[in-house]
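Trainee: Enclosed is the structure file query.cif (mmCIF, C-alpha atoms).
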data_data
#
loop_
_atom_site.label_atom_id
_atom_site.label_comp_id
_atom_site.auth_asym_id
_atom_site.auth_seq_id
_atom_site.Cartn_x
_atom_site.Cartn_y
_atom_site.Cartn_z
CA MET G 1 -38.89 0.31 -10.74
CA THR G 2 -36.81 0.61 -13.90
CA ALA G 3 -34.13 2.46 -11.96
CA VAL G 4 -33.99 -0.30 -9.37
CA ALA G 5 -33.72 -2.96 -12.08
CA VAL G 6 -30.93 -1.06 -13.86
CA LEU G 7 -29.05 -0.39 -10.63
CA ALA G 8 -29.36 -4.01 -9.51
CA ALA G 9 -28.43 -5.51 -12.87
CA TYR G 10 -25.50 -3.20 -13.50
CA PRO G 11 -23.18 -4.51 -10.73
CA VAL G 12 -23.73 -8.11 -11.82
CA VAL G 13 -22.92 -7.37 -15.44
CA ALA G 14 -20.16 -4.88 -14.61
CA ALA G 15 -18.41 -7.22 -12.19
CA ILE G 16 -17.92 -9.67 -15.06
CA VAL G 17 -17.63 -7.42 -18.12
CA LEU G 18 -15.59 -4.51 -16.76
CA PRO G 19 -12.45 -6.49 -15.87
CA ARG G 20 -12.25 -7.78 -19.46
CA LEU G 21 -12.99 -4.37 -20.89
CA LEU G 22 -10.35 -2.64 -18.77
CA SER G 23 -7.64 -5.28 -19.21
CA GLY G 24 -7.67 -5.25 -22.99
CA GLY G 25 -5.79 -3.17 -25.50
CA GLY G 26 -2.54 -2.57 -23.67
CA TRP G 27 -3.43 1.10 -23.21
CA ALA G 28 -3.00 0.88 -19.43
CA GLU G 29 0.77 0.64 -19.77
CA ARG G 30 0.75 3.89 -21.68
CA ALA G 31 -1.27 5.76 -19.06
CA PRO G 32 -0.93 4.03 -15.69
CA ARG G 33 -2.38 6.91 -13.68
CA LEU G 34 -5.52 7.01 -15.80
CA ALA G 35 -5.78 3.23 -15.61
CA ILE G 36 -5.54 3.29 -11.80
CA LEU G 37 -8.34 5.86 -11.62
CA LEU G 38 -10.45 3.82 -14.04
CA TRP G 39 -10.10 0.62 -12.01
CA LEU G 40 -10.94 2.47 -8.80
CA ALA G 41 -13.93 4.16 -10.46
CA ALA G 42 -15.13 0.80 -11.79
CA CYS G 43 -14.96 -0.75 -8.31
CA GLY G 44 -16.62 2.30 -6.79
CA SER G 45 -19.47 2.32 -9.30
CA VAL G 46 -20.31 -1.32 -8.60
CA VAL G 47 -20.40 -0.81 -4.84
CA VAL G 48 -22.35 2.45 -5.10
CA SER G 49 -24.95 1.04 -7.48
CA VAL G 50 -25.64 -1.90 -5.17
CA LEU G 51 -26.23 0.54 -2.33
CA LEU G 52 -28.32 2.86 -4.50
CA ALA G 53 -30.42 -0.01 -5.87
CA ALA G 54 -31.32 -0.98 -2.32
CA PHE G 55 -32.00 2.65 -1.46
CA ALA G 56 -34.21 3.15 -4.52
CA LEU G 57 -36.16 0.01 -3.65
CA ALA G 58 -36.62 1.09 -0.05
CA VAL G 59 -37.66 4.64 -0.79
CA PRO G 60 -40.42 4.99 -3.39
CA ALA G 61 -39.80 7.61 -6.04
CA SER G 62 -43.05 9.40 -5.17
CA VAL G 63 -41.69 10.15 -1.70
CA ILE G 64 -38.54 11.73 -3.11
CA GLY G 65 -40.73 13.56 -5.59
CA HIS G 66 -42.55 15.36 -2.80
CA GLY G 67 -39.34 16.88 -1.65
CA LEU G 68 -37.08 16.49 1.31
CA ALA G 69 -39.85 17.23 3.81
CA ALA G 70 -41.82 14.23 2.62
CA LEU G 71 -38.69 12.07 2.71
CA PHE G 72 -38.03 13.08 6.31
CA ALA G 73 -41.69 12.50 7.18
CA ALA G 74 -41.48 9.03 5.69
CA CYS G 75 -38.29 8.32 7.64
CA ALA G 76 -39.82 9.63 10.85
CA ALA G 77 -42.92 7.51 10.32
CA TRP G 78 -40.76 4.49 9.69
CA LEU G 79 -38.71 5.12 12.80
CA THR G 80 -41.68 5.79 15.10
CA HIS G 81 -43.90 3.00 13.85
CA GLY G 82 -41.07 0.58 13.58
CA PRO G 83 -40.61 -2.16 11.04
CA GLY G 84 -44.35 -2.68 10.99
CA MET G 85 -44.52 0.19 8.56
CA THR G 86 -42.15 -1.37 6.10
CA THR G 87 -43.05 -3.71 3.32
CA THR G 88 -41.04 -6.85 2.84
CA THR G 89 -39.10 -5.41 -0.08
CA THR G 90 -38.07 -2.37 1.93
CA GLY G 91 -36.83 -4.62 4.70
CA ILE G 92 -34.88 -6.82 2.32
CA ALA G 93 -33.45 -3.84 0.48
CA LEU G 94 -32.23 -2.17 3.64
CA ALA G 95 -30.81 -5.44 4.94
CA VAL G 96 -28.83 -5.95 1.72
CA ALA G 97 -27.49 -2.38 1.76
CA GLY G 98 -26.61 -2.69 5.42
CA ALA G 99 -24.84 -6.01 4.92
CA VAL G 100 -22.80 -4.75 1.97
CA ALA G 101 -21.81 -1.55 3.77
CA ALA G 102 -20.99 -3.39 6.99
CA ARG G 103 -18.88 -5.96 5.14
CA ILE G 104 -16.82 -3.25 3.45
CA VAL G 105 -16.34 -1.25 6.64
CA TYR G 106 -15.35 -4.37 8.57
CA ARG G 107 -12.83 -5.57 5.97
CA ALA G 108 -11.40 -2.07 5.59
CA ALA G 109 -10.89 -1.89 9.36
CA VAL G 110 -9.13 -5.27 9.34
CA VAL G 111 -6.91 -4.44 6.36
CA PHE G 112 -5.94 -0.99 7.58
CA THR G 113 -5.29 -1.91 11.22
CA ARG G 114 -3.30 -5.00 10.31
CA ALA G 115 -1.16 -3.04 7.87
CA ARG G 116 -0.58 -0.31 10.43
CA THR G 117 0.40 -2.75 13.16
CA GLU G 118 2.76 -4.64 10.89
CA ARG G 119 4.29 -1.41 9.63
CA ARG G 120 4.83 -0.06 13.10
CA ARG G 121 6.52 -3.26 14.20
CA HIS G 122 8.67 -3.25 11.10
CA ALA G 123 9.59 0.41 11.59
CA GLU G 124 10.55 -0.24 15.21
CA MET G 125 12.99 -2.98 14.22
CA LEU G 126 14.22 -0.87 11.34
CA ALA G 127 15.06 1.90 13.81
CA LEU G 128 17.30 -0.55 15.69
CA LEU G 129 18.89 -2.26 12.71
CA GLY G 130 19.17 0.40 10.01
CA ARG G 131 20.69 3.85 9.88
CA HIS G 132 19.26 6.89 8.20
CA ASP G 133 21.40 8.17 5.36
CA GLY G 134 20.78 11.89 5.00
CA LEU G 135 22.30 12.07 1.54
CA LEU G 136 20.09 9.32 0.13
CA ASP G 137 17.17 10.21 2.39
CA ALA G 138 16.69 6.50 2.98
CA ILE G 139 17.28 3.89 5.66
CA VAL G 140 20.32 1.75 4.90
CA VAL G 141 20.34 -1.81 6.23
CA ASP G 142 23.44 -4.01 6.41
CA TYR G 143 22.31 -7.00 4.38
CA ASP G 144 23.83 -8.83 1.45
CA GLU G 145 20.69 -9.47 -0.55
CA ARG G 146 19.89 -6.66 -2.99
CA LEU G 147 16.65 -5.16 -1.77
CA ALA G 148 14.89 -1.82 -1.98
CA TYR G 149 11.42 -1.11 -0.67
CA CYS G 150 9.27 1.52 0.90
CA LEU G 151 7.48 1.40 4.20
CA PRO G 152 4.45 3.66 3.76
CA GLY G 153 2.56 5.49 6.45
CA ARG G 154 2.73 8.85 8.16
CA HIS G 155 6.50 8.62 8.48
CA GLY G 156 7.03 6.79 5.21
CA LYS G 157 10.55 5.62 4.54
CA ALA G 158 12.52 4.28 1.64
CA VAL G 159 14.77 1.36 2.61
CA ILE G 160 17.77 -0.02 0.73
CA THR G 161 20.27 -2.72 1.67
CA THR G 162 24.04 -2.45 1.48
CA GLY G 163 23.90 -5.37 -0.96
CA ALA G 164 21.86 -3.22 -3.33
CA LEU G 165 24.13 -0.20 -2.82
CA ARG G 166 27.21 -2.27 -3.66
CA ASN G 167 25.72 -3.51 -6.92
CA LEU G 168 24.20 -0.30 -8.24
CA SER G 169 25.80 2.90 -9.41
CA LEU G 170 24.98 6.08 -7.51
CA GLU G 171 22.74 7.20 -10.38
CA GLN G 172 20.89 3.89 -10.33
CA VAL G 173 20.39 4.14 -6.57
CA ALA G 174 18.96 7.63 -7.03
CA ALA G 175 16.54 6.32 -9.66
CA VAL G 176 15.43 3.41 -7.46
CA LEU G 177 14.86 5.71 -4.48
CA ALA G 178 12.94 8.16 -6.69
CA HIS G 179 10.65 5.24 -7.56
CA GLU G 180 10.15 4.50 -3.86
CA GLN G 181 9.52 8.16 -3.08
CA ALA G 182 6.88 8.18 -5.83
CA HIS G 183 5.08 5.35 -3.98
CA LEU G 184 5.28 7.25 -0.71
CA ARG G 185 4.26 10.67 -2.07
CA GLY G 186 1.51 9.20 -4.22
CA ARG G 187 0.16 7.25 -1.22
CA HIS G 188 0.01 4.15 -3.39
CA HIS G 189 -0.47 1.96 -0.33
CA LEU G 190 -3.97 3.40 0.02
CA VAL G 191 -4.79 2.20 -3.50
CA LEU G 192 -3.53 -1.26 -2.55
CA ALA G 193 -5.49 -1.21 0.71
CA VAL G 194 -8.75 -0.31 -1.05
CA ALA G 195 -8.19 -3.08 -3.61
CA GLU G 196 -7.35 -5.54 -0.83
CA THR G 197 -10.45 -4.52 1.12
CA LEU G 198 -12.82 -5.15 -1.78
CA ALA G 199 -11.13 -8.34 -2.96
CA THR G 200 -11.27 -9.89 0.53
CA ALA G 201 -14.73 -8.51 1.37
CA PHE G 202 -16.29 -10.11 -1.71
CA PRO G 203 -14.04 -12.99 -2.76
CA GLY G 204 -14.66 -14.45 -6.17
CA VAL G 205 -15.97 -11.26 -7.76
CA PRO G 206 -13.96 -11.06 -11.00
CA LEU G 207 -13.80 -7.26 -11.04
CA PHE G 208 -12.34 -7.00 -7.53
CA GLU G 209 -9.89 -9.88 -8.00
CA ARG G 210 -8.64 -8.45 -11.27
CA ALA G 211 -8.51 -4.91 -9.86
CA ARG G 212 -6.26 -6.05 -7.02
CA ALA G 213 -3.75 -7.67 -9.37
CA GLU G 214 -3.88 -4.86 -11.92
CA LEU G 215 -3.57 -2.06 -9.37
CA ALA G 216 -0.50 -3.71 -7.80
CA ARG G 217 1.08 -3.79 -11.27
CA LEU G 218 -0.04 -0.31 -12.30
CA ILE G 219 1.36 1.48 -9.25
CA GLU G 220 4.77 0.05 -10.17
CA LEU G 221 4.47 1.38 -13.71
CA LEU G 222 3.32 4.74 -12.40
CA ALA G 223 6.21 4.95 -9.92
CA ASP G 224 8.62 4.10 -12.77
CA ASP G 225 7.14 6.91 -14.84
CA VAL G 226 7.42 9.41 -12.01
CA ALA G 227 11.04 8.39 -11.40
CA ALA G 228 11.71 8.64 -15.15
CA ARG G 229 10.83 12.33 -15.13
CA ARG G 230 14.10 13.08 -13.38
CA HIS G 231 16.19 10.02 -14.09
CA PRO G 232 17.11 8.41 -17.40
CA ARG G 233 14.79 5.50 -18.14
CA VAL G 234 17.69 3.25 -18.98
CA LEU G 235 18.97 3.60 -15.40
CA ILE G 236 15.66 2.34 -14.02
CA ALA G 237 15.76 -0.62 -16.41
CA THR G 238 19.34 -1.52 -15.56
CA ALA G 239 18.64 -1.06 -11.84
CA LEU G 240 15.77 -3.54 -12.11
CA VAL G 241 18.06 -6.05 -13.77
CA GLY G 242 20.85 -5.30 -11.31
CA LEU G 243 18.57 -5.99 -8.37
CA ALA G 244 16.99 -9.05 -9.95
CA THR G 245 20.21 -10.89 -10.65
CA GLY G 246 22.41 -12.21 -7.91
CA ARG G 247 19.54 -12.57 -5.49
CA ALA G 248 18.59 -15.52 -3.42
CA PRO G 249 16.23 -17.62 -5.52
CA ALA G 250 12.54 -17.16 -4.89
CA PHE G 251 10.86 -19.54 -2.50
CA ALA G 252 7.38 -18.41 -3.42
CA LEU G 253 6.43 -17.27 -6.86
CA GLY G 254 4.29 -14.24 -7.36
CA ALA G 255 3.31 -12.50 -10.52
CA GLY G 256 6.47 -10.43 -10.09
CA GLY G 257 8.32 -11.88 -13.07
CA ASP G 258 5.96 -10.70 -15.78
CA THR G 259 5.59 -7.28 -14.24
CA ALA G 260 9.35 -6.86 -13.91
CA LEU G 261 9.90 -7.85 -17.51
CA ALA G 262 7.20 -5.46 -18.70
CA ARG G 263 8.79 -2.69 -16.64
CA VAL G 264 12.23 -3.24 -18.13
CA ARG G 265 10.81 -3.26 -21.66
CA ARG G 266 8.70 -0.19 -21.05
CA MET G 267 11.68 1.75 -19.62
CA LEU G 268 13.89 0.84 -22.56
CA ASN G 269 11.28 1.12 -25.30
CA PRO G 270 8.73 3.63 -24.15
CA GLU G 271 5.47 3.55 -26.05
CA LYS G 272 3.85 6.77 -27.06
CA PRO G 273 1.63 8.17 -24.32
CA LEU G 274 -2.09 8.17 -25.06
CA ALA G 275 -3.34 10.86 -27.42
CA ARG G 276 -5.37 13.70 -25.96
CA ARG G 277 -8.57 12.26 -27.39
CA GLN G 278 -7.94 8.90 -25.75
CA ARG G 279 -7.20 10.55 -22.43
CA LEU G 280 -10.43 12.52 -22.66
CA ALA G 281 -12.31 9.31 -23.39
CA GLY G 282 -10.73 7.77 -20.30
CA SER G 283 -11.68 10.74 -18.12
CA PHE G 284 -15.20 10.61 -19.52
CA ALA G 285 -15.42 6.92 -18.68
CA ILE G 286 -14.34 7.66 -15.10
CA ALA G 287 -16.99 10.39 -14.79
CA LEU G 288 -19.62 8.06 -16.26
CA LEU G 289 -18.72 5.25 -13.86
CA LEU G 290 -18.89 7.56 -10.86
CA ALA G 291 -21.93 9.66 -11.81
CA GLY G 292 -23.93 7.04 -13.72
CA PRO G 293 -25.43 5.13 -10.78
CA ALA G 294 -26.36 8.35 -8.96
CA VAL G 295 -28.08 9.76 -12.05
CA VAL G 296 -30.04 6.55 -12.62
CA ALA G 297 -31.10 6.50 -8.98
CA LEU G 298 -32.19 10.13 -9.00
CA LEU G 299 -34.05 10.15 -12.32
CA PRO G 300 -37.34 8.61 -11.09
CA GLY G 301 -37.40 10.92 -8.09
CA LEU G 302 -36.62 13.88 -10.29
CA SER G 303 -39.33 13.09 -12.82
CA SER G 304 -41.78 12.47 -10.00
CA PHE G 305 -40.80 15.83 -8.53
CA LEU G 306 -41.42 17.52 -11.86
CA VAL G 307 -44.80 15.84 -12.27
CA HIS G 308 -45.96 16.88 -8.81
CA HIS G 309 -44.62 20.39 -8.59
CA CYS G 310 -44.04 21.66 -12.07
CA HIS G 311 -47.08 20.35 -13.92
CA ARG G 312 -48.15 23.82 -14.88
CA LEU G 313 -44.71 24.65 -16.08
CA LEU G 314 -44.59 21.48 -18.11
CA GLY G 315 -48.13 21.97 -19.31
CA LEU G 316 -49.27 18.69 -17.86
CA MET K 1 18.44 17.77 24.97
CA ALA K 2 15.51 15.88 23.60
CA ARG K 3 16.49 12.43 22.51
CA SER K 4 13.79 9.97 21.63
CA LEU K 5 13.66 6.71 23.52
CA GLY K 6 13.64 4.98 20.15
CA GLU K 7 17.00 6.45 19.29
CA LEU K 8 18.39 5.50 22.69
CA GLU K 9 17.13 1.95 22.17
CA ALA K 10 19.09 1.78 18.93
CA VAL K 11 22.25 3.13 20.60
CA ILE K 12 22.04 0.69 23.49
CA MET K 13 21.27 -2.29 21.25
CA ASP K 14 24.28 -1.39 19.12
CA ARG K 15 26.47 -1.40 22.25
CA MET K 16 25.04 -4.70 23.42
CA TRP K 17 25.68 -6.25 20.00
CA SER K 18 29.22 -4.92 19.92
CA TYR K 19 30.15 -6.36 23.38
CA ARG K 20 29.39 -9.93 22.41
CA ARG K 21 29.20 -10.69 26.14
CA PRO K 22 26.68 -10.01 28.94
CA ALA K 23 26.65 -6.53 30.49
CA THR K 24 24.96 -4.76 33.38
CA VAL K 25 23.13 -1.44 33.24
CA ARG K 26 26.18 0.08 34.98
CA ASP K 27 28.51 -1.25 32.23
CA VAL K 28 26.39 0.31 29.50
CA LEU K 29 26.00 3.54 31.45
CA GLU K 30 29.76 3.99 31.83
CA ASP K 31 30.25 3.22 28.16
CA LEU K 32 27.62 5.80 27.14
CA ARG K 33 28.87 8.41 29.60
CA ALA K 34 32.12 8.55 27.64
CA GLU K 35 30.29 10.60 25.01
CA ARG K 36 27.06 11.89 26.53
CA SER K 37 25.57 12.75 29.87
CA ILE K 38 22.84 10.32 30.75
CA ALA K 39 21.08 9.17 33.90
CA TYR K 40 21.32 5.66 35.31
CA THR K 41 17.55 5.37 35.50
CA THR K 42 17.18 6.30 31.82
CA VAL K 43 19.50 3.51 30.74
CA MET K 44 17.80 1.11 33.15
CA THR K 45 14.35 2.00 31.79
CA VAL K 46 15.39 1.55 28.19
CA MET K 47 17.13 -1.76 28.85
CA ASP K 48 14.09 -2.98 30.76
CA LYS K 49 11.94 -2.03 27.76
CA LEU K 50 14.29 -3.87 25.39
CA HIS K 51 13.95 -6.90 27.65
CA THR K 52 10.14 -6.64 27.51
CA LYS K 53 10.33 -6.42 23.74
CA GLY K 54 12.28 -9.64 23.69
CA LEU K 55 15.50 -8.15 22.34
CA LEU K 56 17.53 -8.59 25.52
CA ARG K 57 17.49 -11.48 27.95
CA ARG K 58 18.66 -11.07 31.52
CA GLU K 59 19.52 -13.02 34.61
CA LEU K 60 19.96 -11.88 38.16
CA VAL K 61 23.62 -12.10 39.21
CA GLY K 62 24.08 -10.90 42.78
CA LYS K 63 22.06 -7.71 43.05
CA ALA K 64 22.09 -6.64 39.41
CA TYR K 65 20.67 -7.97 36.19
CA LEU K 66 23.14 -9.18 33.63
CA TYR K 67 21.80 -8.40 30.14
CA GLN K 68 22.62 -10.05 26.84
CA ALA K 69 21.29 -9.69 23.30
CA VAL K 70 18.96 -12.56 22.43
CA ALA K 71 20.31 -12.85 18.89
CA SER K 72 22.98 -11.17 16.78
CA LYS K 73 22.27 -8.05 14.76
CA GLU K 74 22.80 -10.08 11.59
CA ALA K 75 20.16 -12.60 12.63
CA TYR K 76 17.64 -9.86 13.40
CA THR K 77 18.41 -8.15 10.09
CA ALA K 78 17.94 -11.38 8.14
CA ASP K 79 14.60 -11.88 9.92
CA LEU K 80 13.45 -8.36 9.16
CA MET K 81 14.41 -8.52 5.49
CA ARG K 82 12.74 -11.90 5.06
CA ASP K 83 9.69 -10.42 6.76
CA SER K 84 9.71 -7.49 4.35
CA LEU K 85 9.74 -9.85 1.37
CA ALA K 86 6.92 -11.95 2.80
CA ARG K 87 4.78 -8.88 3.41
CA SER K 88 5.26 -7.40 -0.03
CA GLY K 89 3.11 -8.38 -2.96
CA ASN K 90 0.70 -11.01 -1.74
CA GLN K 91 -0.26 -9.19 1.43
CA ALA K 92 -0.92 -5.79 0.02
CA ALA K 93 -0.67 -2.51 1.83
CA THR K 94 2.05 -3.24 4.38
CA LEU K 95 5.06 -2.33 2.28
CA VAL K 96 6.06 -2.30 -1.36
CA HIS K 97 9.27 -3.74 -2.77
CA PHE K 98 11.00 -2.19 -5.76
CA LEU K 99 11.01 -5.67 -7.22
CA GLU K 100 9.35 -8.86 -6.09
CA ARG K 101 11.42 -11.98 -5.72
CA LEU K 102 12.05 -13.64 -9.05
CA THR K 103 13.07 -17.12 -10.05
CA PRO K 104 16.52 -17.45 -11.63
CA GLU K 105 14.74 -17.98 -14.98
CA GLU K 106 12.78 -14.76 -14.59
CA ALA K 107 15.91 -12.86 -13.61
CA GLY K 108 17.60 -14.32 -16.70
CA ALA K 109 14.72 -13.09 -18.85
CA LEU K 110 15.24 -9.58 -17.48
CA GLU K 111 18.91 -9.67 -18.39
CA ALA K 112 18.03 -10.89 -21.86
CA ALA K 113 15.58 -8.01 -22.23
CA LEU K 114 18.47 -5.59 -21.80
CA GLN K 115 20.15 -7.17 -24.83
CA VAL K 116 17.01 -7.51 -26.92
CA PHE K 117 15.72 -4.02 -26.32
CA PRO K 118 18.60 -1.65 -26.85
CA PRO K 119 17.82 1.73 -25.38
CA ARG K 120 15.96 3.82 -27.91
CA GLY K 121 16.72 7.50 -27.91
CA ARG K 122 17.14 9.39 -24.70
CA ALA K 123 15.30 9.16 -21.47
#
How does the structure come out when it is put into structure tokens?
Mentor:
Amino acid sequence: MTAVAVLAAYPVVAAIVLPRLLSGGGWAERAPRLAILLWLAACGSVVVSVLLAAFALAVPASVIGHGLAALFAACAAWLTHGPGMTTTTTGIALAVAGAVAARIVYRAAVVFTRARTERRRHAEMLALLGRHDGLLDAIVVDYDERLAYCLPGRHGKAVITTGALRNLSLEQVAAVLAHEQAHLRGRHHLVLAVAETLATAFPGVPLFERARAELARLIELLADDVAARRHPRVLIATALVGLATGRAPAFALGAGGDTALARVRRMLNPEKPLARRQRLAGSFAIALLLAGPAVVALLPGLSSFLVHHCHRLLGL
Amino acid sequence: MARSLGELEAVIMDRMWSYRRPATVRDVLEDLRAERSIAYTTVMTVMDKLHTKGLLRRELVGKAYLYQAVASKEAYTADLMRDSLARSGNQAATLVHFLERLTPEEAGALEAALQVFPPRGRA
């Protein structure tokens, strides 16, 4: 029962505490990739522990302790005798797990299909309106506003307008497109889709809301860093400013301003990357978030298994 | 000579935009035949598809359809770019802009940052 209590309490506490814990300290800007993995692991651990708590409640530890055969026997009995076999808690637990899993699967299907449909429509029009530039390896669109973006997917493309090309030097254009290629190669849209799925599946959960905003920011920082491996950082900063100025004014405000400013500062004044010890701590935290719930769920079953089958060995 | 229908759509739309007047399948065919060999039915199929997609409108004049672009290339481009901006940021996962739209104040702050933070060292 302790395992169930821990697994059920953890998501509630984590959903509120983790976003504060992960947002603080300004370390994320120094290691965006690690930060992305940490946010994803945090979201994953919350979802997994909800499912495992329900599972642990539905399946008594003693059953697991008697090995897989007993588990299958219990399942078979449950299936043949129907819900009559189950206690109320088992029924509730399975219903909760089923509802959570179904909600995630449903939202993921909506998010992914909508994105794919919109992308395909966009790509179709792009094929008519733009032209592929072999030298830039990007689609060039005749348009005065200075824009650059990437259209992810199986045939991911970087897109840049003639307005942007006119206002940037060739080196700046190369840096901008390297940033876009980093999004495409890193499949950053999948990170965004996962964050979108969780945030819309369970609205109001602080961890998921914060994760969506943070991940959108962090993939930009990561793409800047990847581009900066081959292009001078100052070019990325000046390209950002070059694209920002002389644009049509915004009609809707996002959180883009703060992120853009942070990106310019970070490209011009890079902070020291995290020390090896700090990186190790981060990796350890990721492992803990991912493995923790599983370990807690398995412990009672494992100890029960030891008690039943290894009592001689343990001298019990 | 494998040429995707998508590419042919782009070629034909470009012709239709450049005419700035209605044209029949025959008109487009003769224009295209100047530089490539292509069948009448191919051009007809593609133009019919463009009509279904809402890019071309047509009216029956005599025995043949007279086609015309619904809107200019510039209008379509403006639509598509506005669409790209609307889909970036708030609606995650469709596409990702290098930079979200900023207010003039925010853009000004970026410029100021260039002055305040002089590049330190090399890249």
Trainee: Given the PyMOL selection byres ((chain G) within 8 of (chain K)) and the file above, list the residues it selects as JSON, numbers by chain.
Mentor: {"G": [111, 112, 115, 116, 118, 119, 122, 124, 125, 126, 127, 128, 129, 141, 142, 143, 147, 148, 149, 150, 151, 152, 176, 179, 180, 189, 190, 192, 193, 196, 216, 220, 228, 231, 232, 233, 234, 237, 238, 240, 241, 243, 244, 245, 249, 250, 252, 253, 254, 256, 257, 260, 261, 264, 265, 268, 269]}
Trainee: So the first atom is CA of Leu7 in chain G and the second is CA of Ala294 in chain G; what is the distance between them in Å, to one decimal place?
Mentor: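 Taking CA of Leu7 in chain G as the start and CA of Ala294 in chain G as the end point, the length is 9.3 Å.
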Trainee: If I take CA of Thr161 in chain G and CA of Ala227 in chain G, how far is one from the other in Å, to one decimal?
Mentor: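 These atoms are spaced 19.5 Å apart.
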Trainee: Calculate how many Å separate CA of Ala28 in chain G from CA of Asp224 in chain G, rounding to one decimal.
Mentor: 13.8 Å
Trainee: Residues within 10 Å of (-11.9, -0.4, -21.5), file coordinates, counting all atoms listed in the file: what are they? Give the list as a PyMOL selection string.
Mentor: chain G and resi 17-28+35+38-39+281-282+285
Trainee: Could you tell me which residues the PyMOL selection byres ((chain K and resi 16) around 12) returns for this structure, as a PyMOL selection string?
Mentor: (chain G and resi 128) or (chain K and resi 9-15+17-25+27-29+31-32+47+50+55-57+66-73)
Trainee: So which one's closest to Ala201 in chain G, G:Ile104, G:Ala56, G:Leu40, G:Ala3? Using all atoms listed in the file, please.
Mentor: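 Closest residue, counting all atoms listed in the file: G:Ile104.
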Trainee: So which residues get picked by the PyMOL selection byres ((chain G and resi 8) around 12) here, written as number ranges by chain?
Mentor: G: 1-7, 9-15, 45-57, 93, 96-97, 293, 296-297
Trainee: Produce a file of the selected residues containing C-alpha atoms, as a PDB file, in the coordinates of the input.
Mentor:
ATOM      1  CA  MET G   1     -38.890   0.310 -10.740  1.00  0.00           C
ATOM      2  CA  THR G   2     -36.810   0.610 -13.900  1.00  0.00           C
ATOM      3  CA  ALA G   3     -34.130   2.460 -11.960  1.00  0.00           C
ATOM      4  CA  VAL G   4     -33.990  -0.300  -9.370  1.00  0.00           C
ATOM      5  CA  ALA G   5     -33.720  -2.960 -12.080  1.00  0.00           C
ATOM      6  CA  VAL G   6     -30.930  -1.060 -13.860  1.00  0.00           C
ATOM      7  CA  LEU G   7     -29.050  -0.390 -10.630  1.00  0.00           C
ATOM      8  CA  ALA G   9     -28.430  -5.510 -12.870  1.00  0.00           C
ATOM      9  CA  TYR G  10     -25.500  -3.200 -13.500  1.00  0.00           C
ATOM     10  CA  PRO G  11     -23.180  -4.510 -10.730  1.00  0.00           C
ATOM     11  CA  VAL G  12     -23.730  -8.110 -11.820  1.00  0.00           C
ATOM     12  CA  VAL G  13     -22.920  -7.370 -15.440  1.00  0.00           C
ATOM     13  CA  ALA G  14     -20.160  -4.880 -14.610  1.00  0.00           C
ATOM     14  CA  ALA G  15     -18.410  -7.220 -12.190  1.00  0.00           C
ATOM     15  CA  SER G  45     -19.470   2.320  -9.300  1.00  0.00           C
ATOM     16  CA  VAL G  46     -20.310  -1.320  -8.600  1.00  0.00           C
ATOM     17  CA  VAL G  47     -20.400  -0.810  -4.840  1.00  0.00           C
ATOM     18  CA  VAL G  48     -22.350   2.450  -5.100  1.00  0.00           C
ATOM     19  CA  SER G  49     -24.950   1.040  -7.480  1.00  0.00           C
ATOM     20  CA  VAL G  50     -25.640  -1.900  -5.170  1.00  0.00           C
ATOM     21  CA  LEU G  51     -26.230   0.540  -2.330  1.00  0.00           C
ATOM     22  CA  LEU G  52     -28.320   2.860  -4.500  1.00  0.00           C
ATOM     23  CA  ALA G  53     -30.420  -0.010  -5.870  1.00  0.00           C
ATOM     24  CA  ALA G  54     -31.320  -0.980  -2.320  1.00  0.00           C
ATOM     25  CA  PHE G  55     -32.000   2.650  -1.460  1.00  0.00           C
ATOM     26  CA  ALA G  56     -34.210   3.150  -4.520  1.00  0.00           C
ATOM     27  CA  LEU G  57     -36.160   0.010  -3.650  1.00  0.00           C
ATOM     28  CA  ALA G  93     -33.450  -3.840   0.480  1.00  0.00           C
ATOM     29  CA  VAL G  96     -28.830  -5.950   1.720  1.00  0.00           C
ATOM     30  CA  ALA G  97     -27.490  -2.380   1.760  1.00  0.00           C
ATOM     31  CA  PRO G 293     -25.430   5.130 -10.780  1.00  0.00           C
ATOM     32  CA  VAL G 296     -30.040   6.550 -12.620  1.00  0.00           C
ATOM     33  CA  ALA G 297     -31.100   6.500  -8.980  1.00  0.00           C
TER      34      ALA G 297
END
Trainee: Would you pick out the contacts of Arg279 in chain G at 9 Å or less, using all atoms listed in the file, so that residues sharing its chain but fewer than 4 positions from it are not included, and give the list as a PyMOL selection string?
Mentor: chain G and resi 31+34+274-275+283-284
Trainee: Which one is closest to Val43 in chain K: K:Arg58, K:Lys63, K:Arg26, K:Arg82? Count all atoms listed in the file.
Mentor: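 Under the stated criterion, the closest residue is K:Arg26.
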Trainee: If we count all atoms listed in the file, what is near Ala199 in chain G at a cut-off of 10 Å, once residues fewer than 5 positions away on the same chain are taken out, given as a PyMOL selection string?
Mentor: chain G and resi 104+107+193-194+204-213
